[in-house]
$ cat upload19.csv   # CSV, C-alpha atoms
chain,number,residue,atom,x,y,z
A,1,MET,CA,-8.2,10.6,17.0
A,2,ASN,CA,-6.7,10.2,20.4
A,3,ILE,CA,-7.3,7.2,22.7
A,4,LYS,CA,-9.8,9.1,24.9
A,5,GLN,CA,-11.8,10.1,21.8
A,6,PHE,CA,-11.7,6.5,20.6
A,7,GLU,CA,-13.0,5.2,23.9
A,8,THR,CA,-15.8,7.8,24.1
A,9,ASN,CA,-16.9,7.2,20.5
A,10,LEU,CA,-17.2,3.4,21.2
A,11,GLU,CA,-19.1,4.0,24.4
A,12,ASN,CA,-21.5,6.3,22.5
A,13,VAL,CA,-22.1,3.7,19.8
A,14,LYS,CA,-22.7,1.1,22.5
A,15,LYS,CA,-25.1,3.5,24.4
A,16,TYR,CA,-27.0,5.0,21.5
A,17,SER,CA,-26.9,2.2,18.9
A,18,PRO,CA,-26.7,-1.1,20.7
A,19,ASN,CA,-27.8,-2.9,17.6
A,20,VAL,CA,-24.8,-1.6,15.8
A,21,TYR,CA,-22.2,-2.0,18.5
A,22,LYS,CA,-20.0,-5.1,18.3
A,23,GLU,CA,-17.0,-6.0,20.5
A,24,THR,CA,-15.0,-6.3,17.3
A,25,MET,CA,-15.2,-2.6,17.0
A,26,LYS,CA,-12.5,-2.4,19.6
A,27,ILE,CA,-10.3,-4.0,17.0
A,28,THR,CA,-11.6,-2.6,13.7
A,29,THR,CA,-11.8,1.1,14.8
A,30,PRO,CA,-8.1,1.4,15.8
A,31,PHE,CA,-7.2,-0.7,12.8
A,32,PHE,CA,-8.8,1.8,10.4
A,33,VAL,CA,-7.4,4.7,12.3
A,34,LEU,CA,-3.9,3.2,12.0
A,35,HIS,CA,-4.4,2.4,8.4
A,36,LYS,CA,-5.5,6.0,7.7
A,37,LYS,CA,-2.4,7.4,9.5
A,38,LEU,CA,0.0,5.1,7.7
A,39,PHE,CA,-1.6,5.7,4.3
A,40,GLU,CA,-1.9,9.5,4.6
A,41,ASN,CA,1.6,10.0,6.1
A,42,GLY,CA,3.0,7.6,3.5
A,43,GLU,CA,1.3,9.5,0.8
A,44,GLU,CA,2.8,12.7,2.1
A,45,ILE,CA,6.3,11.3,2.0
A,46,LEU,CA,5.8,10.0,-1.5
A,47,LYS,CA,4.4,13.3,-2.7
A,48,GLU,CA,6.9,15.6,-1.1
A,49,LYS,CA,10.1,13.6,-1.8
A,50,TYR,CA,9.3,11.6,-4.9
A,51,SER,CA,6.4,13.3,-6.6
A,52,LEU,CA,4.5,10.0,-6.5
A,53,ASN,CA,1.2,8.7,-5.0
A,54,GLN,CA,0.5,5.3,-3.5
A,55,SER,CA,-1.0,3.9,-6.7
A,56,GLU,CA,2.0,4.9,-8.7
A,57,LEU,CA,4.3,3.3,-6.1
A,58,ASP,CA,2.2,0.1,-6.1
A,59,ILE,CA,2.8,-0.2,-9.9
A,60,LEU,CA,6.5,0.5,-9.6
A,61,ALA,CA,6.8,-2.0,-6.7
A,62,ALA,CA,4.9,-4.7,-8.7
A,63,LEU,CA,7.4,-4.2,-11.6
A,64,TYR,CA,10.3,-4.2,-9.2
A,65,TYR,CA,9.3,-7.4,-7.3
A,66,MET,CA,6.8,-9.5,-9.2
A,67,ASN,CA,8.8,-10.8,-12.2
A,68,ASP,CA,11.9,-12.7,-13.1
A,69,ASN,CA,14.4,-9.8,-12.6
A,70,ASN,CA,13.5,-8.3,-16.0
A,71,PHE,CA,11.4,-5.5,-14.3
A,72,SER,CA,8.6,-5.8,-16.8
A,73,MET,CA,5.0,-7.0,-17.0
A,74,THR,CA,2.1,-6.7,-19.4
A,75,PRO,CA,-0.5,-4.1,-18.5
A,76,THR,CA,-3.0,-6.9,-18.1
A,77,GLU,CA,-0.7,-8.6,-15.5
A,78,LEU,CA,-0.4,-5.4,-13.6
A,79,TYR,CA,-4.1,-4.9,-13.8
A,80,GLU,CA,-4.7,-8.4,-12.4
A,81,VAL,CA,-2.2,-8.0,-9.6
A,82,LEU,CA,-3.2,-4.6,-8.5
A,83,LEU,CA,-6.9,-4.7,-9.2
A,84,PHE,CA,-7.0,-1.3,-10.9
A,85,SER,CA,-9.6,-0.6,-13.6
A,86,SER,CA,-8.1,-0.7,-17.1
A,87,GLY,CA,-8.8,3.0,-17.5
A,88,GLY,CA,-7.2,3.8,-14.2
A,89,MET,CA,-4.1,1.7,-15.1
A,90,THR,CA,-3.7,3.4,-18.4
A,91,LYS,CA,-3.8,6.8,-16.7
A,92,ILE,CA,-1.2,5.9,-14.1
A,93,LEU,CA,1.1,4.3,-16.6
A,94,LYS,CA,1.0,7.4,-18.8
A,95,LYS,CA,2.0,9.5,-15.7
A,96,LEU,CA,4.9,7.1,-14.9
A,97,GLU,CA,6.0,7.2,-18.5
A,98,THR,CA,6.0,11.0,-18.5
A,99,LYS,CA,8.2,10.9,-15.3
A,100,ARG,CA,10.5,8.5,-17.1
A,101,LEU,CA,10.1,5.8,-14.5
A,102,ILE,CA,8.8,3.3,-16.9
A,103,VAL,CA,9.0,2.6,-20.7
A,104,ARG,CA,6.9,0.5,-23.1
A,105,ILE,CA,8.9,-2.2,-24.9
A,106,ASP,CA,8.0,-4.7,-27.5
A,107,ASN,CA,6.6,-8.0,-26.2
A,108,LYS,CA,8.7,-10.8,-27.8
A,109,GLU,CA,6.1,-13.4,-26.9
A,110,ASP,CA,3.1,-11.4,-28.3
A,111,LYS,CA,3.8,-8.9,-31.1
A,112,ARG,CA,0.4,-7.3,-30.6
A,113,SER,CA,1.2,-6.0,-27.2
A,114,LYS,CA,3.8,-4.0,-25.3
A,115,LEU,CA,5.4,-4.7,-21.9
A,116,VAL,CA,5.7,-2.1,-19.2
A,117,GLN,CA,9.3,-2.0,-17.9
A,118,LEU,CA,11.0,0.0,-15.1
A,119,THR,CA,13.7,2.3,-16.2
A,120,GLN,CA,17.0,2.6,-14.2
A,121,LYS,CA,15.6,5.8,-12.7
A,122,GLY,CA,12.3,3.9,-11.9
A,123,LYS,CA,14.3,1.2,-10.1
A,124,GLU,CA,16.2,3.7,-8.0
A,125,ILE,CA,13.2,5.8,-7.1
A,126,THR,CA,11.2,2.6,-6.2
A,127,ALA,CA,13.9,1.3,-3.9
A,128,LYS,CA,14.3,4.7,-2.2
A,129,ALA,CA,10.6,5.4,-1.8
A,130,LEU,CA,9.8,1.9,-0.5
A,131,GLU,CA,12.7,2.0,2.0
A,132,GLU,CA,11.5,5.4,3.3
A,133,VAL,CA,7.8,4.4,3.6
A,134,VAL,CA,8.7,1.1,5.3
A,135,ASN,CA,11.0,2.9,7.7
A,136,TYR,CA,8.2,5.2,8.5
A,137,GLU,CA,5.7,2.3,9.1
A,138,ASP,CA,8.3,0.6,11.2
A,139,LYS,CA,8.2,3.4,13.7
A,140,TYR,CA,4.6,2.6,14.5
A,141,PHE,CA,5.2,-1.1,15.0
A,142,SER,CA,8.4,-0.6,17.0
A,143,GLU,CA,6.1,0.0,19.9
A,144,LEU,CA,5.6,-3.7,19.9
A,145,ASN,CA,8.4,-6.1,20.8
A,146,LYS,CA,9.4,-8.8,18.3
A,147,GLU,CA,7.2,-11.4,19.9
A,148,GLU,CA,4.2,-9.0,19.8
A,149,GLN,CA,4.9,-8.1,16.2
A,150,GLU,CA,5.0,-11.8,15.2
A,151,GLN,CA,1.8,-12.5,17.1
A,152,LEU,CA,0.0,-9.6,15.4
A,153,SER,CA,1.2,-10.7,12.0
A,154,LYS,CA,-0.1,-14.2,12.6
A,155,LEU,CA,-3.4,-12.9,13.9
A,156,LEU,CA,-3.9,-10.6,10.9
A,157,ILE,CA,-3.0,-13.4,8.5
A,158,LYS,CA,-5.5,-15.7,10.3
A,159,VAL,CA,-8.3,-13.1,9.9
A,160,LEU,CA,-7.4,-12.6,6.2
A,161,ARG,CA,-7.8,-16.3,5.6
A,162,THR,CA,-11.6,-16.1,6.4

$ encode --input "upload19.csv" --output "structure tokens"
Amino acid sequence: MNIKQFETNLENVKKYSPNVYKETMKITTPFFVLHKKLFENGEEILKEKYSLNQSELDILAALYYMNDNNFSMTPTELYEVLLFSSGGMTKILKKLETKRLIVRIDNKEDKRSKLVQLTQKGKEITAKALEEVVNYEDKYFSELNKEEQEQLSKLLIKVLRT
């Protein structure tokens, strides 16, 4: 959607559905369009270069960053952090295991369960894929100077607190 289409669409909502129109749509609509672009193009990078999807990278990133440098978590911890359904988590973990990006290891603290741990290949792919996706996202936000980026960040965090 280009800027002209965006403006026309908002005017049409205002004109034909005044009960639906809110000034905040000037914020939410471009926000959703930006999110869609970032997500879809990020997915494309992940698929083409790393044979991953965003959900798989989310799990890999959680294992990479959300622990005490042992690169492992229980499936329940992953489930809680990422808010996947348990069935969805199991399916993704099996895919990552098949790709040899994770392994299941014994849990020394609970013999009844296994931990999910990044392999060396998983660590390398995670670091490269995250760097590439973040660099791609950075291109969009480089349109803003540092002060504008900081202000946008503060405003988004403020909205998220409500």

$ atom_distance --input "upload19.csv" --atom1 "atom CA of Thr119 of chain A" --atom2 "atom CA of Lys91 of chain A"
18.1 Å

$ residues_around --input "upload19.csv" --residues "segment 154-157 of chain A" --least-positions-apart "5" --cutoff "12 Å" --atoms "all atoms listed in the file" --output "list in words"
Ile27, Thr28, Phe31, Glu147, Glu148, Gln149 and Thr162 of chain A

$ closest_residue --input "upload19.csv" --among "A:Pro75, A:Glu132, A:Ser153, A:Glu7" --to "Lys94 of chain A" --atoms "all atoms listed in the file"
A:Pro75

$ atom_distance --input "upload19.csv" --atom1 "atom CA of Glu23 of chain A" --atom2 "atom CA of Leu38 of chain A"
24.0 Å

$ closest_residue --input "upload19.csv" --among "A:Glu131, A:Met89, A:Tyr136, A:Ile102" --to "Glu77 of chain A" --atoms "only C-alpha atoms"
A:Met89

$ closest_residue --input "upload19.csv" --among "A:Leu118, A:Ile59, A:Met66, A:Val33" --to "Leu83 of chain A" --atoms "all atoms listed in the file"
A:Ile59

$ closest_residue --input "upload19.csv" --among "A:Glu150, A:Val81, A:Arg100, A:Leu144" --to "Leu63 of chain A" --atoms "all atoms listed in the file"
A:Val81

$ closest_residue --input "upload19.csv" --among "A:Asp106, A:Asp58, A:Glu43, A:Glu48" --to "Tyr79 of chain A" --atoms "only C-alpha atoms"
A:Asp58

$ closest_residue --input "upload19.csv" --among "A:Leu78, A:Ile3, A:Leu46, A:Leu10" --to "Ala129 of chain A" --atoms "only C-alpha atoms"
A:Leu46

$ atom_distance --input "upload19.csv" --atom1 "atom CA of Asn9 of chain A" --atom2 "atom CA of Glu44 of chain A"
27.5 Å

$ residues_around --input "upload19.csv" --residues "Lys95 of chain A" --least-positions-apart "3" --cutoff "12 Å" --atoms "only C-alpha atoms" --output "number ranges by chain"
A: 51-53, 55-57, 59-60, 88-92, 98-103

$ write_last_selection --input "upload19.csv" --atoms "C-alpha atoms" --output "compact mmCIF listing (two decimals), keeping the file's coordinate frame"
# COMPACT_ATOMS: atom_id res chain seq x y z
CA SER A 51 6.40 13.30 -6.60
CA LEU A 52 4.50 10.00 -6.50
CA ASN A 53 1.20 8.70 -5.00
CA SER A 55 -1.00 3.90 -6.70
CA GLU A 56 2.00 4.90 -8.70
CA LEU A 57 4.30 3.30 -6.10
CA ILE A 59 2.80 -0.20 -9.90
CA LEU A 60 6.50 0.50 -9.60
CA GLY A 88 -7.20 3.80 -14.20
CA MET A 89 -4.10 1.70 -15.10
CA THR A 90 -3.70 3.40 -18.40
CA LYS A 91 -3.80 6.80 -16.70
CA ILE A 92 -1.20 5.90 -14.10
CA THR A 98 6.00 11.00 -18.50
CA LYS A 99 8.20 10.90 -15.30
CA ARG A 100 10.50 8.50 -17.10
CA LEU A 101 10.10 5.80 -14.50
CA ILE A 102 8.80 3.30 -16.90
CA VAL A 103 9.00 2.60 -20.70

$ decode --input "upload19.csv" --residues "segment 79-99 of chain A" --atoms "N, CA and C atoms" --output "PDB file, in the first residue's frame"
ATOM      1  N   TYR A  79       7.549 -22.829  25.784  1.00  0.00           N
ATOM      2  CA  TYR A  79       6.108 -22.646  25.580  1.00  0.00           C
ATOM      3  C   TYR A  79       5.624 -21.378  26.286  1.00  0.00           C
ATOM      4  N   GLU A  80       6.060 -21.180  27.537  1.00  0.00           N
ATOM      5  CA  GLU A  80       5.633 -20.017  28.319  1.00  0.00           C
ATOM      6  C   GLU A  80       6.197 -18.718  27.758  1.00  0.00           C
ATOM      7  N   VAL A  81       7.443 -18.730  27.333  1.00  0.00           N
ATOM      8  CA  VAL A  81       8.093 -17.526  26.816  1.00  0.00           C
ATOM      9  C   VAL A  81       7.512 -17.118  25.471  1.00  0.00           C
ATOM     10  N   LEU A  82       7.212 -18.077  24.629  1.00  0.00           N
ATOM     11  CA  LEU A  82       6.805 -17.788  23.258  1.00  0.00           C
ATOM     12  C   LEU A  82       5.304 -17.879  23.021  1.00  0.00           C
ATOM     13  N   LEU A  83       4.557 -18.398  23.976  1.00  0.00           N
ATOM     14  CA  LEU A  83       3.105 -18.485  23.875  1.00  0.00           C
ATOM     15  C   LEU A  83       2.611 -19.323  22.698  1.00  0.00           C
ATOM     16  N   PHE A  84       3.354 -20.372  22.364  1.00  0.00           N
ATOM     17  CA  PHE A  84       2.873 -21.335  21.374  1.00  0.00           C
ATOM     18  C   PHE A  84       1.984 -22.343  22.084  1.00  0.00           C
ATOM     19  N   SER A  85       1.117 -23.000  21.340  1.00  0.00           N
ATOM     20  CA  SER A  85       0.392 -24.126  21.919  1.00  0.00           C
ATOM     21  C   SER A  85       1.390 -25.267  22.091  1.00  0.00           C
ATOM     22  N   SER A  86       1.099 -26.165  23.006  1.00  0.00           N
ATOM     23  CA  SER A  86       2.047 -27.260  23.229  1.00  0.00           C
ATOM     24  C   SER A  86       2.188 -28.129  21.981  1.00  0.00           C
ATOM     25  N   GLY A  87       1.084 -28.326  21.257  1.00  0.00           N
ATOM     26  CA  GLY A  87       1.150 -29.101  20.015  1.00  0.00           C
ATOM     27  C   GLY A  87       1.984 -28.395  18.963  1.00  0.00           C
ATOM     28  N   GLY A  88       1.796 -27.085  18.852  1.00  0.00           N
ATOM     29  CA  GLY A  88       2.580 -26.289  17.912  1.00  0.00           C
ATOM     30  C   GLY A  88       4.061 -26.316  18.267  1.00  0.00           C
ATOM     31  N   MET A  89       4.364 -26.233  19.557  1.00  0.00           N
ATOM     32  CA  MET A  89       5.751 -26.259  20.014  1.00  0.00           C
ATOM     33  C   MET A  89       6.389 -27.597  19.652  1.00  0.00           C
ATOM     34  N   THR A  90       5.690 -28.687  19.911  1.00  0.00           N
ATOM     35  CA  THR A  90       6.224 -30.015  19.614  1.00  0.00           C
ATOM     36  C   THR A  90       6.541 -30.150  18.129  1.00  0.00           C
ATOM     37  N   LYS A  91       5.642 -29.692  17.292  1.00  0.00           N
ATOM     38  CA  LYS A  91       5.822 -29.771  15.837  1.00  0.00           C
ATOM     39  C   LYS A  91       7.075 -28.996  15.393  1.00  0.00           C
ATOM     40  N   ILE A  92       7.228 -27.778  15.909  1.00  0.00           N
ATOM     41  CA  ILE A  92       8.376 -26.948  15.524  1.00  0.00           C
ATOM     42  C   ILE A  92       9.676 -27.540  16.064  1.00  0.00           C
ATOM     43  N   LEU A  93       9.645 -28.035  17.287  1.00  0.00           N
ATOM     44  CA  LEU A  93      10.856 -28.643  17.865  1.00  0.00           C
ATOM     45  C   LEU A  93      11.295 -29.858  17.047  1.00  0.00           C
ATOM     46  N   LYS A  94      10.354 -30.648  16.570  1.00  0.00           N
ATOM     47  CA  LYS A  94      10.696 -31.807  15.738  1.00  0.00           C
ATOM     48  C   LYS A  94      11.362 -31.356  14.441  1.00  0.00           C
ATOM     49  N   LYS A  95      10.841 -30.285  13.831  1.00  0.00           N
ATOM     50  CA  LYS A  95      11.456 -29.758  12.608  1.00  0.00           C
ATOM     51  C   LYS A  95      12.881 -29.291  12.867  1.00  0.00           C
ATOM     52  N   LEU A  96      13.071 -28.567  13.964  1.00  0.00           N
ATOM     53  CA  LEU A  96      14.403 -28.046  14.290  1.00  0.00           C
ATOM     54  C   LEU A  96      15.375 -29.181  14.619  1.00  0.00           C
ATOM     55  N   GLU A  97      14.846 -30.222  15.223  1.00  0.00           N
ATOM     56  CA  GLU A  97      15.676 -31.392  15.531  1.00  0.00           C
ATOM     57  C   GLU A  97      16.089 -32.098  14.237  1.00  0.00           C
ATOM     58  N   THR A  98      15.166 -32.222  13.305  1.00  0.00           N
ATOM     59  CA  THR A  98      15.457 -32.834  12.009  1.00  0.00           C
ATOM     60  C   THR A  98      16.526 -32.037  11.260  1.00  0.00           C
ATOM     61  N   LYS A  99      16.488 -30.716  11.395  1.00  0.00           N
ATOM     62  CA  LYS A  99      17.480 -29.846  10.744  1.00  0.00           C
ATOM     63  C   LYS A  99      18.806 -29.795  11.509  1.00  0.00           C
TER      64      LYS A  99
END
